[in-house]
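A quick write-up on the structure given underneath.
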Amino acid sequence: MSSKLTCRSIELVDVCDCSGVMQWKVLEIRNNTLLRKSMLGDHQISDVEHGNWLESLRKNSHVKSHIAILGGDVVGAVNLTGIDYTNLRADWGFYVDPDRQGEGIGNMMVWLFLDLVYETIGLNKINAEVFVDNCESTNLHLRFGFVREGVRRAHVLRHRRWHDVALFGLLRKEWLVRRESLQERFV
């Protein structure tokens, strides 16, 4: 008998507060070939680069990174970058371990992180960039109330081919309305 996955099943923990093993598991997931295909920055991250990134997180208040933990296992990560404390906005991205995709983990991570961003950090807006042909990510953003704000044409060059990127935004007030309609499903 399988138990239903809910937000209570997943814990988001600041990467700086996690064990070294968990911090390095994030690198393993992030460097997965399948996952990198859907990321705007798709290069293989070296151990040195990852170590430098972890160290920079301790000093940079404009970036926040959380690891998603389910049953003691690292199942994904969610990042907030370019945090603008004056205009209360930031960019975000997330990823789920490809071996765990299809389990609803992404939905739970998004739910928890949106609550964290709007309630704890106090932001007013989150921005996202998604390849226009990434239907799964596009649908997830729309499901959670993000509004498609535009397209950056020929924005990313990958394998000698230009790719368009859709721009999404979600305001705190939009999240609070959407949260109500999704609460029973995820909590």
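Naming works like this for the structure tokens: A, B, ... for the chains as they're shown, residue 1 at the start of each chain, ligands 1 onward in shown order.
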Legend entry - Within 8 Å of segment 173-182 of chain A using only C-alpha atoms, minus same-chain residues under 4 positions, as a list in words: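 The residues that qualify are Leu114, Asn124, Phe144, Gly145 and Phe186 of chain A.
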Inset, instruction - For Ile121 of chain A, please output as an NGL selection string all residues within 10 Å (counting only C-alpha atoms; exclusion window: fewer than 6 positions along the same chain). - result: :A and (83 or 85 or 88 or 114-115)
Please, could you write that set of residues out with N, CA and C atoms as a short mmCIF file (atom, residue, chain, number, x, y, z; two decimals), in the first residue's frame?
```cif
data_model
loop_
_atom_site.label_atom_id
_atom_site.label_comp_id
_atom_site.auth_asym_id
_atom_site.auth_seq_id
_atom_site.Cartn_x
_atom_site.Cartn_y
_atom_site.Cartn_z
N ILE A 83 17.96 38.06 -5.81
CA ILE A 83 16.97 38.58 -4.88
C ILE A 83 17.15 40.09 -4.76
N TYR A 85 15.87 43.02 -2.69
CA TYR A 85 15.15 43.33 -1.44
C TYR A 85 14.47 44.69 -1.48
N LEU A 88 11.47 43.67 -3.93
CA LEU A 88 10.87 42.43 -3.43
C LEU A 88 10.57 41.42 -4.54
N LEU A 114 7.05 28.25 -2.68
CA LEU A 114 6.26 29.48 -2.85
C LEU A 114 5.82 30.02 -1.50
N ASP A 115 5.39 29.15 -0.61
CA ASP A 115 5.04 29.60 0.73
C ASP A 115 6.25 30.23 1.42
#
```
Inset, instruction - Using DSSP on the backbone coordinates, identify the residues of segment 96-184 of chain A assigned to strand (DSSP E); present them as a PyMOL selection string. - result: chain A and resi 96+125-131+147-158+161-171
Inset, instruction - Write out as a VMD selection string which residues come within 10 Å of segment 96-103 of chain A when counting only C-alpha atoms, dropping same-chain ones fewer than 3 positions away. - result: chain A and resid 4 to 5 25 to 26 28 to 30 32 to 35 67 to 68 74 to 78 106 to 109
Write the selection just made, keeping N, CA, C and O atoms, as a CSV table (one decimal), in the first residue's frame?
```csv
chain,number,residue,atom,x,y,z
A,4,LYS,N,0.0,8.5,0.2
A,4,LYS,CA,-0.1,9.7,-0.6
A,4,LYS,C,1.0,10.7,-0.3
A,4,LYS,O,1.3,11.0,0.9
A,5,LEU,N,1.7,11.2,-1.3
A,5,LEU,CA,2.7,12.2,-1.2
A,5,LEU,C,2.0,13.5,-0.9
A,5,LEU,O,1.2,14.0,-1.7
A,25,LYS,N,25.2,15.4,-3.3
A,25,LYS,CA,24.1,14.7,-4.0
A,25,LYS,C,23.4,15.7,-5.0
A,25,LYS,O,23.0,15.3,-6.1
A,26,VAL,N,23.3,16.9,-4.5
A,26,VAL,CA,22.7,18.0,-5.4
A,26,VAL,C,23.5,18.1,-6.7
A,26,VAL,O,22.9,18.2,-7.7
A,28,GLU,N,25.3,15.8,-8.1
A,28,GLU,CA,25.1,14.6,-8.9
A,28,GLU,C,23.8,14.7,-9.7
A,28,GLU,O,23.7,14.4,-10.9
A,29,ILE,N,22.7,15.2,-9.0
A,29,ILE,CA,21.4,15.3,-9.6
A,29,ILE,C,21.5,16.4,-10.7
A,29,ILE,O,21.1,16.2,-11.8
A,30,ARG,N,22.1,17.6,-10.4
A,30,ARG,CA,22.2,18.7,-11.3
A,30,ARG,C,22.9,18.4,-12.5
A,30,ARG,O,22.7,18.8,-13.6
A,32,ASN,N,23.0,15.5,-14.0
A,32,ASN,CA,22.4,14.4,-14.8
A,32,ASN,C,22.1,14.9,-16.2
A,32,ASN,O,21.6,16.0,-16.4
A,33,THR,N,22.5,14.1,-17.2
A,33,THR,CA,22.4,14.5,-18.6
A,33,THR,C,21.0,14.8,-19.0
A,33,THR,O,20.7,15.8,-19.7
A,34,LEU,N,20.0,14.0,-18.6
A,34,LEU,CA,18.6,14.3,-19.0
A,34,LEU,C,18.1,15.6,-18.4
A,34,LEU,O,17.4,16.4,-19.0
A,35,LEU,N,18.5,15.8,-17.1
A,35,LEU,CA,18.1,17.1,-16.5
A,35,LEU,C,18.7,18.3,-17.1
A,35,LEU,O,18.0,19.3,-17.3
A,67,ILE,N,17.5,22.3,-0.5
A,67,ILE,CA,17.4,20.9,-0.9
A,67,ILE,C,16.1,20.3,-0.5
A,67,ILE,O,15.6,20.5,0.6
A,68,ALA,N,15.5,19.5,-1.4
A,68,ALA,CA,14.3,18.8,-1.1
A,68,ALA,C,14.6,17.4,-0.6
A,68,ALA,O,15.4,16.7,-1.3
A,74,VAL,N,17.8,13.0,-0.8
A,74,VAL,CA,17.8,14.2,-1.6
A,74,VAL,C,17.0,13.9,-2.9
A,74,VAL,O,17.4,13.0,-3.7
A,75,VAL,N,15.9,14.6,-3.2
A,75,VAL,CA,15.1,14.3,-4.4
A,75,VAL,C,15.1,15.5,-5.3
A,75,VAL,O,14.5,15.5,-6.4
A,76,GLY,N,15.7,16.7,-4.9
A,76,GLY,CA,15.7,17.8,-5.8
A,76,GLY,C,16.2,19.0,-5.1
A,76,GLY,O,16.7,19.0,-3.9
A,77,ALA,N,16.1,20.1,-5.8
A,77,ALA,CA,16.6,21.4,-5.2
A,77,ALA,C,15.8,22.6,-5.9
A,77,ALA,O,15.3,22.4,-7.0
A,78,VAL,N,15.8,23.6,-5.1
A,78,VAL,CA,15.1,24.8,-5.6
A,78,VAL,C,15.9,26.0,-5.2
A,78,VAL,O,16.5,26.1,-4.1
A,106,GLY,N,7.9,17.4,-7.7
A,106,GLY,CA,8.0,18.8,-8.2
A,106,GLY,C,6.9,19.7,-7.7
A,106,GLY,O,7.1,20.8,-7.2
A,107,ASN,N,5.7,19.2,-7.7
A,107,ASN,CA,4.5,19.9,-7.2
A,107,ASN,C,4.7,20.3,-5.7
A,107,ASN,O,4.4,21.4,-5.3
A,108,MET,N,5.1,19.3,-5.0
A,108,MET,CA,5.3,19.6,-3.5
A,108,MET,C,6.4,20.6,-3.2
A,108,MET,O,6.2,21.4,-2.4
A,109,MET,N,7.5,20.4,-4.0
A,109,MET,CA,8.6,21.4,-3.8
A,109,MET,C,8.1,22.8,-4.1
A,109,MET,O,8.4,23.7,-3.4
```
Any chance you could tabulate, as CSV, the residues of segment 72-106 of chain A at most 12 Å from segment 55-60 of chain A with each one's nearest atom pair and distance in Å to one decimal, using only C-alpha atoms, in chain and rising number order?
```
residue,atom,partner,partner_atom,distance
A:Asn79,CA,A:Leu57,CA,10.9
A:Leu80,CA,A:Leu57,CA,11.1
A:Thr81,CA,A:Asn60,CA,9.9
A:Gly82,CA,A:Asn60,CA,10.0
A:Ile83,CA,A:Asn60,CA,9.9
```
Legend entry - Nearest candidate to Asp91 of chain A (options A:Ser61, A:Ser19, A:Asn31, A:Asn127; using only C-alpha atoms): A:Asn127
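Between atom CA of Ala166 of chain A and atom CA of His62 of chain A the interatomic distance comes to 23.2 Å.
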Legend entry - Test item, helix (DSSP H, G or I) assignment across chain A, answer as a PyMOL selection string: chain A and resi 7-9+15-17+20-30+33-36+47-57+98-100+105-121+135-143+172-186
For those residues, write C-alpha atoms to a file as an mmCIF file, in the first residue's frame.
```cif
data_model
loop_
_atom_site.group_PDB
_atom_site.id
_atom_site.type_symbol
_atom_site.label_atom_id
_atom_site.label_comp_id
_atom_site.auth_asym_id
_atom_site.auth_seq_id
_atom_site.Cartn_x
_atom_site.Cartn_y
_atom_site.Cartn_z
ATOM 1 C CA CYS A 7 3.843 18.669 1.325
ATOM 2 C CA ARG A 8 4.219 17.236 4.801
ATOM 3 C CA SER A 9 6.235 14.386 3.243
ATOM 4 C CA VAL A 15 21.709 23.828 1.433
ATOM 5 C CA CYS A 16 24.140 25.483 3.878
ATOM 6 C CA ASP A 17 22.486 23.592 6.749
ATOM 7 C CA GLY A 20 28.253 17.444 2.928
ATOM 8 C CA VAL A 21 26.864 14.203 1.519
ATOM 9 C CA MET A 22 23.555 15.906 0.731
ATOM 10 C CA GLN A 23 25.278 18.960 -0.725
ATOM 11 C CA TRP A 24 27.237 16.751 -3.124
ATOM 12 C CA LYS A 25 24.141 14.709 -4.013
ATOM 13 C CA VAL A 26 22.688 17.968 -5.373
ATOM 14 C CA LEU A 27 25.651 18.182 -7.766
ATOM 15 C CA GLU A 28 25.082 14.601 -8.905
ATOM 16 C CA ILE A 29 21.409 15.349 -9.637
ATOM 17 C CA ARG A 30 22.177 18.707 -11.278
ATOM 18 C CA THR A 33 22.423 14.495 -18.620
ATOM 19 C CA LEU A 34 18.626 14.276 -18.968
ATOM 20 C CA LEU A 35 18.067 17.071 -16.470
ATOM 21 C CA ARG A 36 20.628 19.393 -18.025
ATOM 22 C CA ASP A 47 33.575 19.599 -8.124
ATOM 23 C CA VAL A 48 35.586 22.814 -7.732
ATOM 24 C CA GLU A 49 32.802 24.949 -9.208
ATOM 25 C CA HIS A 50 30.240 23.292 -6.912
ATOM 26 C CA GLY A 51 32.462 23.805 -3.868
ATOM 27 C CA ASN A 52 32.912 27.480 -4.759
ATOM 28 C CA TRP A 53 29.143 27.850 -5.221
ATOM 29 C CA LEU A 54 28.469 26.293 -1.801
ATOM 30 C CA GLU A 55 30.979 28.645 -0.197
ATOM 31 C CA SER A 56 29.475 31.681 -1.965
ATOM 32 C CA LEU A 57 26.009 30.875 -0.602
ATOM 33 C CA PRO A 98 15.201 12.379 -12.849
ATOM 34 C CA ASP A 99 14.964 8.985 -11.126
ATOM 35 C CA ARG A 100 12.110 10.400 -9.007
ATOM 36 C CA ILE A 105 7.764 15.732 -5.944
ATOM 37 C CA GLY A 106 8.030 18.820 -8.178
ATOM 38 C CA ASN A 107 4.518 19.933 -7.218
ATOM 39 C CA MET A 108 5.268 19.555 -3.519
ATOM 40 C CA MET A 109 8.585 21.377 -3.802
ATOM 41 C CA VAL A 110 6.938 24.266 -5.655
ATOM 42 C CA TRP A 111 4.143 24.532 -3.089
ATOM 43 C CA LEU A 112 6.553 24.609 -0.147
ATOM 44 C CA PHE A 113 8.956 27.001 -1.816
ATOM 45 C CA LEU A 114 6.261 29.476 -2.848
ATOM 46 C CA ASP A 115 5.042 29.605 0.734
ATOM 47 C CA LEU A 116 8.618 30.122 1.915
ATOM 48 C CA VAL A 117 9.281 32.880 -0.602
ATOM 49 C CA TYR A 118 6.111 34.840 0.011
ATOM 50 C CA GLU A 119 5.627 34.279 3.731
ATOM 51 C CA THR A 120 9.112 33.922 5.197
ATOM 52 C CA ILE A 121 11.298 35.911 2.809
ATOM 53 C CA CYS A 135 5.671 21.647 -21.803
ATOM 54 C CA GLU A 136 6.026 19.924 -18.442
ATOM 55 C CA SER A 137 7.642 22.946 -16.772
ATOM 56 C CA THR A 138 5.306 25.369 -18.545
ATOM 57 C CA ASN A 139 2.276 23.433 -17.316
ATOM 58 C CA LEU A 140 3.633 23.316 -13.775
ATOM 59 C CA HIS A 141 4.131 27.077 -13.718
ATOM 60 C CA LEU A 142 0.621 27.673 -15.064
ATOM 61 C CA ARG A 143 -0.852 25.178 -12.559
ATOM 62 C CA ARG A 172 2.266 37.240 -3.990
ATOM 63 C CA LYS A 173 -1.442 38.164 -4.241
ATOM 64 C CA GLU A 174 -1.857 35.744 -7.176
ATOM 65 C CA TRP A 175 -0.199 32.964 -5.183
ATOM 66 C CA LEU A 176 -2.457 33.533 -2.190
ATOM 67 C CA VAL A 177 -5.561 33.156 -4.389
ATOM 68 C CA ARG A 178 -4.163 30.127 -6.206
ATOM 69 C CA ARG A 179 -2.946 28.587 -2.943
ATOM 70 C CA GLU A 180 -6.520 28.421 -1.665
ATOM 71 C CA SER A 181 -7.687 26.424 -4.678
ATOM 72 C CA LEU A 182 -4.713 24.020 -4.511
ATOM 73 C CA GLN A 183 -4.468 23.540 -0.751
ATOM 74 C CA GLU A 184 -6.558 20.375 -0.478
ATOM 75 C CA ARG A 185 -4.576 18.758 -3.284
ATOM 76 C CA PHE A 186 -1.113 19.351 -1.823
#
```
